[in-house]
Amino acid sequence: MQILVVEPGKVPVIAEISGTLKEMQEIVGGTIQAIYPFPEDVTLVCNDEGKLLGMPPNRALRDERGNPYDIICGTFFLCGVSPDNESFSSLSQDQLTRFQRQFHTPEVLCK
């Protein structure tokens, strides 16, 4: 499946993965957590303990007015999700383009 990998301090990159749990854990550096901060069927997969482990701040999640409400620490990736939230899938080309643009500029965030 095609995903978008976002590392701290870097621009996002498109990656092709098979979607195994081990592969996803390797990308985020530990146990995965899926969160759904977007109004469409896209999930953000990050390290469940990224903040507790002291991973570097990566990107802020913002509300509809652009105000930050959370900070993702460590590498994360975006992928599609089925409507029943049971399985991950590829992002569409449109989603890849939009989210590459949204997360293109690395942010300087303080702990």
# chains A, B, ... in the order shown; residues from 1 in each chain; ligands from 1
call {"tool": "closest_atom_pairs", "arguments": {"of": "region 77-101 of chain A", "to": "region 3-11 of chain A", "cutoff": "7 Å", "atoms": "only C-alpha atoms", "output": "tab-separated table"}}
result
residue	atom	partner	partner_atom	distance
A:Phe77	CA	A:Val5	CA	4.3
A:Leu78	CA	A:Leu4	CA	5.2
A:Cys79	CA	A:Ile3	CA	5.0
A:Ser90	CA	A:Ile3	CA	6.0
A:Leu91	CA	A:Ile3	CA	6.0
A:Leu96	CA	A:Leu4	CA	6.7
call {"tool": "write_last_selection", "arguments": {"atoms": "C-alpha atoms", "output": "PDB file, in the first residue's frame"}}
result
ATOM      1  CA  PHE A  77       2.762   7.819   8.565  1.00  0.00           C
ATOM      2  CA  LEU A  78      -0.565   8.478   6.923  1.00  0.00           C
ATOM      3  CA  CYS A  79      -2.583   5.795   5.177  1.00  0.00           C
ATOM      4  CA  SER A  90      -3.319   3.031   0.235  1.00  0.00           C
ATOM      5  CA  LEU A  91      -3.817   6.764   0.089  1.00  0.00           C
ATOM      6  CA  LEU A  96      -0.866  11.902  -1.209  1.00  0.00           C
TER       7      LEU A  96
END
call {"tool": "select_by_dssp", "arguments": {"residues": "chain A", "states": "strand (DSSP E)", "output": "ChimeraX atom specification"}}
result
/A:2-6,13-16,32-35,42-47,57-62,68-73,76-81,88-89
call {"tool": "atom_distance", "arguments": {"atom1": "CA of Asp41 (chain A)", "atom2": "CA of Val108 (chain A)"}}
result
27.9 Å
call {"tool": "atom_distance", "arguments": {"atom1": "CA of Ile35 (chain A)", "atom2": "CA of Glu107 (chain A)"}}
result
20.0 Å
call {"tool": "closest_residue", "arguments": {"among": "A:Gly19, A:Met55, A:Asp63, A:Glu40", "to": "Ser92 (chain A)", "atoms": "only C-alpha atoms"}}
result
A:Glu40
call {"tool": "atom_distance", "arguments": {"atom1": "CA of Pro57 (chain A)", "atom2": "CA of Ala15 (chain A)"}}
result
21.4 Å
call {"tool": "residues_around", "arguments": {"residues": "Ile32 (chain A)", "least_positions_apart": "5", "cutoff": "9 Å", "atoms": "only C-alpha atoms", "output": "PyMOL selection string"}}
result
chain A and resi 21+24-25+45-49
call {"tool": "closest_residue", "arguments": {"among": "A:His104, A:Lys22, A:Arg62, A:Arg98", "to": "Pro37 (chain A)", "atoms": "only C-alpha atoms"}}
result
A:Arg62
call {"tool": "select_by_dssp", "arguments": {"residues": "chain A", "states": "helix (DSSP H, G or I)", "output": "number ranges by chain"}}
result
A: 21-28, 93-102
call {"tool": "write_last_selection", "arguments": {"atoms": "N, CA and C atoms", "output": "PDB file, in the first residue's frame"}}
result
ATOM      1  N   LEU A  21       2.208  -5.723  10.483  1.00  0.00           N
ATOM      2  CA  LEU A  21       2.370  -5.042  11.762  1.00  0.00           C
ATOM      3  C   LEU A  21       3.837  -4.755  12.038  1.00  0.00           C
ATOM      4  N   LYS A  22       4.698  -5.726  11.798  1.00  0.00           N
ATOM      5  CA  LYS A  22       6.136  -5.546  12.037  1.00  0.00           C
ATOM      6  C   LYS A  22       6.682  -4.381  11.218  1.00  0.00           C
ATOM      7  N   GLU A  23       6.292  -4.291   9.967  1.00  0.00           N
ATOM      8  CA  GLU A  23       6.759  -3.221   9.092  1.00  0.00           C
ATOM      9  C   GLU A  23       6.292  -1.853   9.608  1.00  0.00           C
ATOM     10  N   MET A  24       5.031  -1.775  10.020  1.00  0.00           N
ATOM     11  CA  MET A  24       4.507  -0.512  10.547  1.00  0.00           C
ATOM     12  C   MET A  24       5.219  -0.123  11.839  1.00  0.00           C
ATOM     13  N   GLN A  25       5.499  -1.101  12.693  1.00  0.00           N
ATOM     14  CA  GLN A  25       6.213  -0.826  13.947  1.00  0.00           C
ATOM     15  C   GLN A  25       7.637  -0.351  13.676  1.00  0.00           C
ATOM     16  N   GLU A  26       8.268  -0.887  12.650  1.00  0.00           N
ATOM     17  CA  GLU A  26       9.619  -0.449  12.299  1.00  0.00           C
ATOM     18  C   GLU A  26       9.617   1.012  11.851  1.00  0.00           C
ATOM     19  N   ILE A  27       8.596   1.421  11.113  1.00  0.00           N
ATOM     20  CA  ILE A  27       8.522   2.802  10.631  1.00  0.00           C
ATOM     21  C   ILE A  27       8.412   3.776  11.796  1.00  0.00           C
ATOM     22  N   VAL A  28       7.542   3.467  12.770  1.00  0.00           N
ATOM     23  CA  VAL A  28       7.304   4.399  13.884  1.00  0.00           C
ATOM     24  C   VAL A  28       8.214   4.147  15.082  1.00  0.00           C
ATOM     25  N   GLN A  93      -4.053   9.189  -4.912  1.00  0.00           N
ATOM     26  CA  GLN A  93      -3.080  10.156  -5.425  1.00  0.00           C
ATOM     27  C   GLN A  93      -3.412  11.562  -4.937  1.00  0.00           C
ATOM     28  N   ASP A  94      -4.690  11.898  -4.916  1.00  0.00           N
ATOM     29  CA  ASP A  94      -5.124  13.207  -4.414  1.00  0.00           C
ATOM     30  C   ASP A  94      -4.744  13.382  -2.943  1.00  0.00           C
ATOM     31  N   GLN A  95      -4.959  12.350  -2.133  1.00  0.00           N
ATOM     32  CA  GLN A  95      -4.595  12.425  -0.712  1.00  0.00           C
ATOM     33  C   GLN A  95      -3.093  12.557  -0.532  1.00  0.00           C
ATOM     34  N   LEU A  96      -2.322  11.793  -1.297  1.00  0.00           N
ATOM     35  CA  LEU A  96      -0.866  11.902  -1.209  1.00  0.00           C
ATOM     36  C   LEU A  96      -0.419  13.332  -1.490  1.00  0.00           C
ATOM     37  N   THR A  97      -0.963  13.920  -2.529  1.00  0.00           N
ATOM     38  CA  THR A  97      -0.595  15.289  -2.914  1.00  0.00           C
ATOM     39  C   THR A  97      -0.987  16.293  -1.838  1.00  0.00           C
ATOM     40  N   ARG A  98      -2.229  16.205  -1.348  1.00  0.00           N
ATOM     41  CA  ARG A  98      -2.709  17.170  -0.350  1.00  0.00           C
ATOM     42  C   ARG A  98      -1.947  17.064   0.967  1.00  0.00           C
ATOM     43  N   PHE A  99      -1.709  15.829   1.433  1.00  0.00           N
ATOM     44  CA  PHE A  99      -1.027  15.680   2.716  1.00  0.00           C
ATOM     45  C   PHE A  99       0.479  15.960   2.601  1.00  0.00           C
ATOM     46  N   GLN A 100       1.060  15.712   1.434  1.00  0.00           N
ATOM     47  CA  GLN A 100       2.454  16.121   1.235  1.00  0.00           C
ATOM     48  C   GLN A 100       2.559  17.632   1.377  1.00  0.00           C
ATOM     49  N   ARG A 101       1.607  18.340   0.819  1.00  0.00           N
ATOM     50  CA  ARG A 101       1.593  19.802   0.912  1.00  0.00           C
ATOM     51  C   ARG A 101       1.339  20.250   2.359  1.00  0.00           C
ATOM     52  N   GLN A 102       0.374  19.612   3.022  1.00  0.00           N
ATOM     53  CA  GLN A 102       0.020  20.002   4.394  1.00  0.00           C
ATOM     54  C   GLN A 102       1.182  19.827   5.359  1.00  0.00           C
TER      55      GLN A 102
END
call {"tool": "closest_residue", "arguments": {"among": "A:Gly80, A:Phe103, A:Ser89, A:Ile17", "to": "Tyr36 (chain A)", "atoms": "only C-alpha atoms"}}
result
A:Gly80
